[in-house]
>>> print(open('structure-v6.cif').read())   # mmCIF, C-alpha atoms
data_entry
loop_
_atom_site.label_atom_id
_atom_site.label_comp_id
_atom_site.auth_asym_id
_atom_site.auth_seq_id
_atom_site.Cartn_x
_atom_site.Cartn_y
_atom_site.Cartn_z
CA MET A 1 -22.79 1.41 -3.79
CA GLU A 2 -19.59 2.32 -1.98
CA LYS A 3 -16.72 -0.01 -2.83
CA ASN A 4 -14.56 -1.70 -0.23
CA LYS A 5 -11.71 -3.21 -2.22
CA SER A 6 -9.35 -2.46 0.68
CA LEU A 7 -10.87 -5.54 2.30
CA LEU A 8 -8.78 -7.63 -0.05
CA LYS A 9 -5.49 -5.87 0.65
CA ILE A 10 -4.93 -7.05 4.20
CA ASP A 11 -2.27 -9.76 4.13
CA PHE A 12 -2.37 -12.56 6.72
CA SER A 13 0.45 -14.61 5.18
CA GLN A 14 3.34 -15.64 7.42
CA GLY A 15 5.81 -13.55 5.42
CA ALA A 16 3.71 -10.38 5.70
CA ILE A 17 3.14 -10.89 9.42
CA GLN A 18 6.84 -11.48 10.10
CA LYS A 19 7.79 -8.38 8.12
CA ALA A 20 5.27 -6.25 10.00
CA VAL A 21 6.38 -7.60 13.38
CA GLN A 22 10.04 -6.99 12.61
CA GLY A 23 9.22 -3.41 11.74
CA LYS A 24 7.23 -2.92 14.94
CA ILE A 25 10.03 -4.35 17.09
CA ILE A 26 12.73 -2.24 15.45
CA GLN A 27 10.56 0.88 15.61
CA ASN A 28 9.43 0.24 19.18
CA PRO A 29 9.49 3.66 20.94
CA VAL A 30 11.55 2.41 23.90
CA SER A 31 14.29 1.09 21.62
CA MET A 32 14.22 3.97 19.15
CA TYR A 33 14.21 6.75 21.73
CA SER A 34 16.95 5.10 23.79
CA VAL A 35 19.25 4.77 20.79
CA ALA A 36 18.39 8.26 19.53
CA LEU A 37 18.95 9.93 22.90
CA GLY A 38 22.14 7.96 23.38
CA ALA A 39 23.43 9.05 19.98
CA VAL A 40 22.57 12.70 20.67
CA GLY A 41 24.28 12.48 24.04
CA ALA A 42 27.38 10.93 22.50
CA ILE A 43 27.57 13.72 19.92
CA ALA A 44 27.12 16.33 22.62
CA ALA A 45 29.81 14.69 24.77
CA GLY A 46 32.22 14.57 21.89
CA ILE A 47 31.67 18.07 20.54
CA LEU A 48 29.76 20.42 22.82
CA PHE A 49 30.05 19.24 26.42
CA PRO A 50 33.00 16.84 26.88
CA SER A 51 32.08 14.74 29.91
CA LEU A 52 32.91 11.16 30.93
CA PHE A 53 29.58 10.90 32.76
CA LEU A 54 27.67 11.98 29.65
CA VAL A 55 29.61 9.46 27.54
CA ILE A 56 28.78 6.66 29.98
CA CYS A 57 25.08 7.62 30.09
CA SER A 58 24.89 7.94 26.32
CA THR A 59 26.58 4.58 25.77
CA GLY A 60 24.24 3.01 28.32
CA LEU A 61 21.18 4.34 26.50
CA VAL A 62 22.40 3.04 23.15
CA LEU A 63 23.16 -0.38 24.61
CA PHE A 64 19.79 -0.42 26.38
CA GLY A 65 18.02 0.32 23.11
CA ILE A 66 19.89 -2.42 21.26
CA ALA A 67 19.31 -4.87 24.12
CA SER A 68 15.59 -4.03 24.02
CA VAL A 69 15.42 -4.96 20.34
CA ILE A 70 17.27 -8.23 20.95
CA ILE A 71 15.03 -9.14 23.90
CA ASN A 72 11.86 -8.36 21.93
CA PHE A 73 13.01 -10.57 19.06
CA ALA A 74 14.13 -13.39 21.34
CA LEU A 75 11.47 -13.39 24.07
CA ARG A 76 8.55 -11.14 23.15
CA LYS A 77 8.07 -11.72 19.42
CA ASN A 78 4.88 -13.72 19.97
CA ILE A 79 3.37 -10.80 21.86
CA PHE A 80 4.03 -8.47 18.95
CA GLU A 81 2.57 -11.01 16.50
CA THR A 82 -0.59 -11.40 18.58
CA ARG A 83 -1.05 -7.63 18.79
CA HIS A 84 -0.55 -7.22 15.04
CA LEU A 85 -3.05 -9.97 14.24
CA SER A 86 -5.57 -8.41 16.61
CA TYR A 87 -5.13 -5.07 14.81
CA LEU A 88 -5.70 -6.69 11.38
CA ASN A 89 -8.80 -8.56 12.56
CA ASN A 90 -10.30 -5.42 14.11
CA LEU A 91 -9.64 -3.50 10.89
CA LEU A 92 -11.38 -6.17 8.81
CA ASN A 93 -14.34 -6.30 11.17
CA LYS A 94 -14.91 -2.54 10.95
CA GLN A 95 -14.81 -2.63 7.15
CA LYS A 96 -17.12 -5.65 7.05
CA GLN A 97 -19.90 -3.82 8.86
CA LEU A 98 -19.98 -1.22 6.09
CA VAL A 99 -21.29 -3.63 3.47
CA LEU A 100 -23.57 -6.13 5.19
CA GLY A 101 -26.88 -4.29 5.59
CA ARG A 102 -27.22 -2.54 2.26
CA LEU A 103 -25.90 -5.51 0.27
CA LYS A 104 -28.76 -7.78 1.26
CA ARG A 105 -31.36 -5.07 0.61
CA GLU A 106 -30.02 -4.36 -2.87
CA LEU A 107 -29.88 -8.04 -3.83
CA LYS A 108 -33.47 -8.65 -2.76
CA LYS A 109 -34.64 -5.69 -4.83
CA LEU A 110 -33.08 -7.20 -7.94
CA SER A 111 -34.99 -10.47 -7.46
CA SER A 112 -38.07 -8.78 -8.92
CA ASP A 113 -36.45 -8.74 -12.39
CA LYS A 114 -37.42 -12.02 -14.10
CA GLY A 115 -34.43 -12.04 -16.43
CA LEU A 116 -31.98 -11.58 -13.56
CA LYS A 117 -33.81 -13.53 -10.86
CA ILE A 118 -31.73 -16.69 -11.24
CA TYR A 119 -28.55 -14.68 -10.59
CA SER A 120 -29.89 -12.45 -7.82
CA ASP A 121 -31.49 -15.42 -6.02
CA GLN A 122 -28.20 -17.30 -6.04
CA ALA A 123 -26.42 -14.18 -4.77
CA VAL A 124 -28.94 -13.80 -1.91
CA TYR A 125 -28.45 -17.46 -1.00
CA GLN A 126 -24.67 -17.02 -1.00
CA PHE A 127 -24.94 -13.90 1.14
CA GLU A 128 -26.92 -15.74 3.81
CA LYS A 129 -24.96 -19.00 3.59
CA ILE A 130 -21.47 -17.50 3.76
CA GLN A 131 -22.33 -15.77 7.04
CA THR A 132 -23.57 -19.03 8.55
CA LYS A 133 -20.46 -20.88 7.39
CA PHE A 134 -18.16 -18.20 8.74
CA ASP A 135 -19.90 -18.22 12.13
CA ASN A 136 -19.55 -22.02 12.28
CA PHE A 137 -15.90 -21.74 11.29
CA LYS A 138 -15.21 -19.31 14.15
CA ARG A 139 -16.91 -21.64 16.62
CA ILE A 140 -14.89 -24.68 15.51
CA LEU A 141 -11.62 -22.73 15.46
CA SER A 142 -12.30 -21.43 18.99
CA GLU A 143 -12.84 -24.99 20.21
CA LYS A 144 -9.38 -26.00 18.96
CA PHE A 145 -7.33 -22.88 19.69
CA ASN A 146 -7.23 -20.04 22.17
CA PRO A 147 -8.08 -16.75 20.44
CA GLU A 148 -4.85 -15.33 21.88
CA GLU A 149 -2.73 -17.90 20.02
CA ILE A 150 -0.94 -17.00 16.80
CA THR A 151 -2.34 -20.03 14.95
CA TYR A 152 -5.88 -18.90 15.71
CA GLY A 153 -5.16 -15.36 14.57
CA ARG A 154 -3.55 -16.34 11.27
CA PHE A 155 -6.17 -18.92 10.31
CA PHE A 156 -9.05 -16.73 11.42
CA GLY A 157 -7.65 -13.73 9.57
CA THR A 158 -7.17 -15.60 6.31
CA THR A 159 -10.64 -17.15 6.43
CA GLU A 160 -12.25 -13.84 7.32
CA GLN A 161 -10.49 -12.28 4.35
CA LEU A 162 -11.95 -14.96 2.07
CA TYR A 163 -15.37 -14.37 3.62
CA LEU A 164 -15.01 -10.66 2.90
CA SER A 165 -13.86 -11.37 -0.64
CA VAL A 166 -17.15 -13.24 -1.17
CA LEU A 167 -19.01 -10.18 0.11
CA ASP A 168 -16.93 -8.03 -2.22
CA ASN A 169 -17.86 -10.31 -5.13
CA LEU A 170 -21.52 -10.00 -4.16
CA GLU A 171 -21.15 -6.23 -4.13
CA ASP A 172 -19.69 -6.35 -7.65
CA ILE A 173 -22.50 -8.67 -8.72
CA THR A 174 -25.13 -6.36 -7.23
CA ASN A 175 -23.71 -3.30 -8.99
CA SER A 176 -23.49 -5.14 -12.31
CA LEU A 177 -27.02 -6.56 -12.03
CA ALA A 178 -28.39 -3.12 -11.19
CA THR A 179 -26.70 -1.69 -14.29
CA ILE A 180 -27.90 -4.30 -16.77
CA SER A 181 -31.40 -4.41 -15.28
CA ASN A 182 -32.05 -1.30 -17.40
CA ILE A 183 -31.30 -3.23 -20.59
CA ASP A 184 -34.66 -4.51 -21.87
CA ASP A 185 -34.18 -7.80 -23.75
CA ASP A 186 -37.76 -7.88 -25.09
CA TYR A 187 -37.48 -4.38 -26.50
CA ILE A 188 -34.10 -5.14 -28.13
CA THR A 189 -35.42 -8.35 -29.70
CA GLU A 190 -38.53 -6.62 -30.98
CA ARG A 191 -36.56 -3.77 -32.57
CA MET A 192 -33.92 -6.08 -34.06
CA ASN A 193 -36.62 -8.27 -35.62
CA TYR A 194 -38.27 -5.19 -37.09
CA LEU A 195 -35.01 -3.82 -38.49
CA THR A 196 -34.01 -7.19 -39.91
CA GLY A 197 -37.29 -7.37 -41.80
CA LEU A 198 -36.83 -4.03 -43.55
CA ALA A 199 -36.43 -4.41 -47.32
CA SER A 200 -34.30 -1.27 -47.70
CA PRO A 201 -32.88 -0.21 -44.31
CA GLU A 202 -31.63 3.37 -44.12
CA ASP A 203 -28.35 4.47 -42.48
CA ALA A 204 -30.19 5.32 -39.26
CA ASP A 205 -31.67 1.80 -39.19
CA LYS A 206 -28.22 0.30 -39.62
CA ARG A 207 -26.83 2.44 -36.79
CA GLU A 208 -29.73 1.44 -34.57
CA MET A 209 -29.05 -2.23 -35.29
CA THR A 210 -25.39 -1.69 -34.32
CA THR A 211 -26.21 0.00 -31.04
CA LEU A 212 -28.86 -2.59 -30.14
CA THR A 213 -26.34 -5.36 -30.82
CA THR A 214 -23.80 -3.58 -28.60
CA ARG A 215 -26.32 -3.37 -25.74
CA LYS A 216 -27.21 -7.04 -26.13
CA GLU A 217 -23.53 -8.09 -26.11
CA LEU A 218 -22.80 -5.85 -23.12
CA LYS A 219 -25.51 -7.53 -21.11
CA GLN A 220 -24.32 -11.00 -22.14
CA LYS A 221 -20.72 -10.19 -21.18
CA SER A 222 -21.83 -8.84 -17.82
CA LEU A 223 -23.86 -11.99 -17.13
CA GLU A 224 -20.82 -14.13 -17.96
CA GLN A 225 -18.70 -12.15 -15.47
CA ILE A 226 -21.45 -12.42 -12.85
CA ASN A 227 -21.64 -16.16 -13.40
CA GLU A 228 -17.87 -16.43 -12.94
CA LEU A 229 -17.98 -14.58 -9.62
CA LEU A 230 -20.92 -16.66 -8.39
CA THR A 231 -18.91 -19.79 -9.20
CA ILE A 232 -15.86 -18.48 -7.34
CA ASN A 233 -18.11 -17.78 -4.35
CA GLU A 234 -19.33 -21.38 -4.44
CA GLU A 235 -15.70 -22.54 -4.49
CA ALA A 236 -14.94 -20.27 -1.52
CA MET A 237 -17.81 -21.73 0.51
CA THR A 238 -16.62 -25.24 -0.32
CA GLN A 239 -13.08 -24.37 0.76
CA ILE A 240 -14.36 -23.03 4.07
CA ASP A 241 -16.21 -26.33 4.56
CA ILE A 242 -12.95 -28.20 3.84
CA SER A 243 -11.08 -25.99 6.30
CA MET A 244 -13.70 -26.58 9.01
CA THR A 245 -13.37 -30.34 8.49
CA THR A 246 -9.58 -30.14 8.62
CA ILE A 247 -9.63 -28.10 11.84
CA SER A 248 -12.17 -30.37 13.53
CA ARG A 249 -9.94 -33.39 12.82
CA THR A 250 -6.73 -31.69 13.89
CA LYS A 251 -5.09 -32.81 17.11
CA THR A 252 -3.26 -29.77 18.44
CA LYS A 253 -0.19 -29.74 20.60
CA MET A 254 0.83 -26.57 22.43
CA GLY A 255 -1.33 -24.51 20.11
CA ARG A 256 0.49 -25.53 16.93
CA ALA A 257 -1.40 -26.27 13.74
CA SER A 258 -0.90 -29.45 11.75
CA MET A 259 0.58 -29.40 8.26
CA ASP A 260 -2.92 -30.11 6.88
CA MET A 261 -4.16 -26.89 8.47
CA GLU A 262 -1.41 -24.84 6.85
CA VAL A 263 -2.19 -26.39 3.47
CA ALA A 264 -5.87 -25.56 3.97
CA ARG A 265 -4.96 -21.98 4.87
CA GLN A 266 -2.81 -21.66 1.75
CA ASP A 267 -5.73 -22.93 -0.34
CA LEU A 268 -7.85 -20.16 1.16
CA GLU A 269 -5.22 -17.60 0.16
CA GLU A 270 -5.17 -18.97 -3.39
CA LEU A 271 -8.92 -18.41 -3.67
CA ILE A 272 -8.50 -14.85 -2.40
CA ASN A 273 -5.97 -14.23 -5.18
CA ARG A 274 -8.34 -15.70 -7.77
CA THR A 275 -11.08 -13.42 -6.51
CA LYS A 276 -8.87 -10.39 -7.17
CA LYS A 277 -8.13 -11.69 -10.69
CA TYR A 278 -11.78 -12.07 -11.68
CA SER A 279 -13.11 -8.97 -9.96
CA ILE A 280 -15.44 -6.99 -12.24
CA SER A 281 -14.37 -3.58 -10.92
CA LYS A 282 -10.59 -3.92 -11.04
#
>>> encode(input="structure-v6.cif", output="structure tokens")
Amino acid sequence: MEKNKSLLKIDFSQGAIQKAVQGKIIQNPVSMYSVALGAVGAIAAGILFPSLFLVICSTGLVLFGIASVIINFALRKNIFETRHLSYLNNLLNKQKQLVLGRLKRELKKLSSDKGLKIYSDQAVYQFEKIQTKFDNFKRILSEKFNPEEITYGRFFGTTEQLYLSVLDNLEDITNSLATISNIDDDYITERMNYLTGLASPEDADKREMTTLTTRKELKQKSLEQINELLTINEEAMTQIDISMTTISRTKTKMGRASMDMEVARQDLEELINRTKKYSISK
């Protein structure tokens, strides 16, 4: 299955947003071109074509460019933030569509393996439940905030990133389950019992016992990692429930979030970081 780890690299934290917005304002074409043209004109006036008119025009362009930056920071910063958040959300949505269909199909296939059914069934449940929770979250958030507001964009973006991290975990789980589904526990047990019962095992028998033990341990380690990711997914779904409750109880004023909402958002970010830490395919 194609991996989509870039889903986890989109940063909705306040610091990252502010840094991106500052860069966009400073690199705004109107400001940059005005300053650049003004500087070129000033150089030309001073060296190639001495002219008071050219000096005045060049100085005016430079000042216009600087004034544009100041105005954007002072009066239009929110517009730049909203545009940046919209860009991040659209990027996440496009990437999300790449994993949804095939993930569910692969998980349901794995449910036919008795030894893995308990894990694949839980993964299927999580796949279906996380989508329902995320849809409910969007509805509740839209009831409290206008989608054009910065608070909406930041909270929605962080929660969507956690939602996608759950999908990413499920993709890891699916890949791992598919791999270990080829390890036959019954066959390994049968062969190990036979080899253990040999009175005088040969070197080949000893090597076979070693490789069978390695396969058995590999499967056990994979199942432990899968169990860890399934648990993190359960924690993520619980945190989304907590966030929905916090938002529904929040009394907003002029589109500003309460302190409880920011704490809830930070908790979501912490879970995203934990997801990266425990990812199988780091």
>>> resolve_selection(input="structure-v6.cif", expression="the PyMOL selection byres ((chain A and resi 113) around 12)", output="mmCIF file with C-alpha atoms, in the frame of the given file")
data_model
loop_
_atom_site.group_PDB
_atom_site.id
_atom_site.type_symbol
_atom_site.label_atom_id
_atom_site.label_comp_id
_atom_site.auth_asym_id
_atom_site.auth_seq_id
_atom_site.Cartn_x
_atom_site.Cartn_y
_atom_site.Cartn_z
ATOM 1 C CA LEU A 107 -29.880 -8.040 -3.830
ATOM 2 C CA LYS A 108 -33.470 -8.650 -2.760
ATOM 3 C CA LYS A 109 -34.640 -5.690 -4.830
ATOM 4 C CA LEU A 110 -33.080 -7.200 -7.940
ATOM 5 C CA SER A 111 -34.990 -10.470 -7.460
ATOM 6 C CA SER A 112 -38.070 -8.780 -8.920
ATOM 7 C CA LYS A 114 -37.420 -12.020 -14.100
ATOM 8 C CA GLY A 115 -34.430 -12.040 -16.430
ATOM 9 C CA LEU A 116 -31.980 -11.580 -13.560
ATOM 10 C CA LYS A 117 -33.810 -13.530 -10.860
ATOM 11 C CA ILE A 118 -31.730 -16.690 -11.240
ATOM 12 C CA TYR A 119 -28.550 -14.680 -10.590
ATOM 13 C CA SER A 120 -29.890 -12.450 -7.820
ATOM 14 C CA ASP A 121 -31.490 -15.420 -6.020
ATOM 15 C CA LEU A 177 -27.020 -6.560 -12.030
ATOM 16 C CA ALA A 178 -28.390 -3.120 -11.190
ATOM 17 C CA ILE A 180 -27.900 -4.300 -16.770
ATOM 18 C CA SER A 181 -31.400 -4.410 -15.280
ATOM 19 C CA ASN A 182 -32.050 -1.300 -17.400
ATOM 20 C CA ILE A 183 -31.300 -3.230 -20.590
ATOM 21 C CA ASP A 184 -34.660 -4.510 -21.870
ATOM 22 C CA ASP A 185 -34.180 -7.800 -23.750
#
>>> closest_residue(input="structure-v6.cif", among="A:Glu190, A:Glu160, A:Asp267, A:Glu208", to="Asp135 in chain A", atoms="all atoms listed in the file")
A:Glu160
>>> residues_around(input="structure-v6.cif", residues="range 137-139 of chain A", least_positions_apart="3", cutoff="12 Å", atoms="only C-alpha atoms", output="PyMOL selection string")
chain A and resi 130-134+142-147+152-153+155-160+163+237+239-248
>>> write_last_selection(input="structure-v6.cif", atoms="C-alpha atoms", output="PDB file, in the coordinates of the input")
ATOM      1  CA  ILE A 130     -21.470 -17.500   3.760  1.00  0.00           C
ATOM      2  CA  GLN A 131     -22.330 -15.770   7.040  1.00  0.00           C
ATOM      3  CA  THR A 132     -23.570 -19.030   8.550  1.00  0.00           C
ATOM      4  CA  LYS A 133     -20.460 -20.880   7.390  1.00  0.00           C
ATOM      5  CA  PHE A 134     -18.160 -18.200   8.740  1.00  0.00           C
ATOM      6  CA  SER A 142     -12.300 -21.430  18.990  1.00  0.00           C
ATOM      7  CA  GLU A 143     -12.840 -24.990  20.210  1.00  0.00           C
ATOM      8  CA  LYS A 144      -9.380 -26.000  18.960  1.00  0.00           C
ATOM      9  CA  PHE A 145      -7.330 -22.880  19.690  1.00  0.00           C
ATOM     10  CA  ASN A 146      -7.230 -20.040  22.170  1.00  0.00           C
ATOM     11  CA  PRO A 147      -8.080 -16.750  20.440  1.00  0.00           C
ATOM     12  CA  TYR A 152      -5.880 -18.900  15.710  1.00  0.00           C
ATOM     13  CA  GLY A 153      -5.160 -15.360  14.570  1.00  0.00           C
ATOM     14  CA  PHE A 155      -6.170 -18.920  10.310  1.00  0.00           C
ATOM     15  CA  PHE A 156      -9.050 -16.730  11.420  1.00  0.00           C
ATOM     16  CA  GLY A 157      -7.650 -13.730   9.570  1.00  0.00           C
ATOM     17  CA  THR A 158      -7.170 -15.600   6.310  1.00  0.00           C
ATOM     18  CA  THR A 159     -10.640 -17.150   6.430  1.00  0.00           C
ATOM     19  CA  GLU A 160     -12.250 -13.840   7.320  1.00  0.00           C
ATOM     20  CA  TYR A 163     -15.370 -14.370   3.620  1.00  0.00           C
ATOM     21  CA  MET A 237     -17.810 -21.730   0.510  1.00  0.00           C
ATOM     22  CA  GLN A 239     -13.080 -24.370   0.760  1.00  0.00           C
ATOM     23  CA  ILE A 240     -14.360 -23.030   4.070  1.00  0.00           C
ATOM     24  CA  ASP A 241     -16.210 -26.330   4.560  1.00  0.00           C
ATOM     25  CA  ILE A 242     -12.950 -28.200   3.840  1.00  0.00           C
ATOM     26  CA  SER A 243     -11.080 -25.990   6.300  1.00  0.00           C
ATOM     27  CA  MET A 244     -13.700 -26.580   9.010  1.00  0.00           C
ATOM     28  CA  THR A 245     -13.370 -30.340   8.490  1.00  0.00           C
ATOM     29  CA  THR A 246      -9.580 -30.140   8.620  1.00  0.00           C
ATOM     30  CA  ILE A 247      -9.630 -28.100  11.840  1.00  0.00           C
ATOM     31  CA  SER A 248     -12.170 -30.370  13.530  1.00  0.00           C
TER      32      SER A 248
END
>>> atom_distance(input="structure-v6.cif", atom1="CA of Tyr187 in chain A", atom2="CA of Glu106 in chain A")
24.8 Å
>>> closest_residue(input="structure-v6.cif", among="A:Ala204, A:Leu85, A:Ala67, A:Ile56", to="Ser31 in chain A", atoms="only C-alpha atoms")
A:Ala67
>>> atom_distance(input="structure-v6.cif", atom1="CA of Val62 in chain A", atom2="CA of Ala42 in chain A")
9.4 Å
>>> closest_residue(input="structure-v6.cif", among="A:Lys129, A:Leu63, A:Thr250, A:Asp168", to="Leu141 in chain A", atoms="all atoms listed in the file")
A:Thr250
>>> closest_residue(input="structure-v6.cif", among="A:Val21, A:Ile188, A:Ala123, A:Leu103", to="Lys216 in chain A", atoms="all atoms listed in the file")
A:Ile188
>>> atom_distance(input="structure-v6.cif", atom1="CA of Asn193 in chain A", atom2="CA of Met209 in chain A")
9.7 Å
>>> closest_residue(input="structure-v6.cif", among="A:Gln122, A:Ser58, A:Asn273, A:Thr213", to="Thr174 in chain A", atoms="all atoms listed in the file")
A:Gln122
>>> resolve_selection(input="structure-v6.cif", expression="the PyMOL selection byres ((chain A and resi 220-228) around 8)", output="mmCIF file with C-alpha atoms, in the coordinates of the input")
data_model
loop_
_atom_site.group_PDB
_atom_site.id
_atom_site.type_symbol
_atom_site.label_atom_id
_atom_site.label_comp_id
_atom_site.auth_asym_id
_atom_site.auth_seq_id
_atom_site.Cartn_x
_atom_site.Cartn_y
_atom_site.Cartn_z
ATOM 1 C CA TYR A 119 -28.550 -14.680 -10.590
ATOM 2 C CA ILE A 173 -22.500 -8.670 -8.720
ATOM 3 C CA SER A 176 -23.490 -5.140 -12.310
ATOM 4 C CA ILE A 180 -27.900 -4.300 -16.770
ATOM 5 C CA LYS A 216 -27.210 -7.040 -26.130
ATOM 6 C CA GLU A 217 -23.530 -8.090 -26.110
ATOM 7 C CA LEU A 218 -22.800 -5.850 -23.120
ATOM 8 C CA LYS A 219 -25.510 -7.530 -21.110
ATOM 9 C CA LEU A 229 -17.980 -14.580 -9.620
ATOM 10 C CA LEU A 230 -20.920 -16.660 -8.390
ATOM 11 C CA THR A 231 -18.910 -19.790 -9.200
ATOM 12 C CA ILE A 232 -15.860 -18.480 -7.340
ATOM 13 C CA TYR A 278 -11.780 -12.070 -11.680
ATOM 14 C CA ILE A 280 -15.440 -6.990 -12.240
#
>>> closest_residue(input="structure-v6.cif", among="A:Ser34, A:Thr59, A:Thr82, A:Asn136", to="Gln18 in chain A", atoms="all atoms listed in the file")
A:Thr82
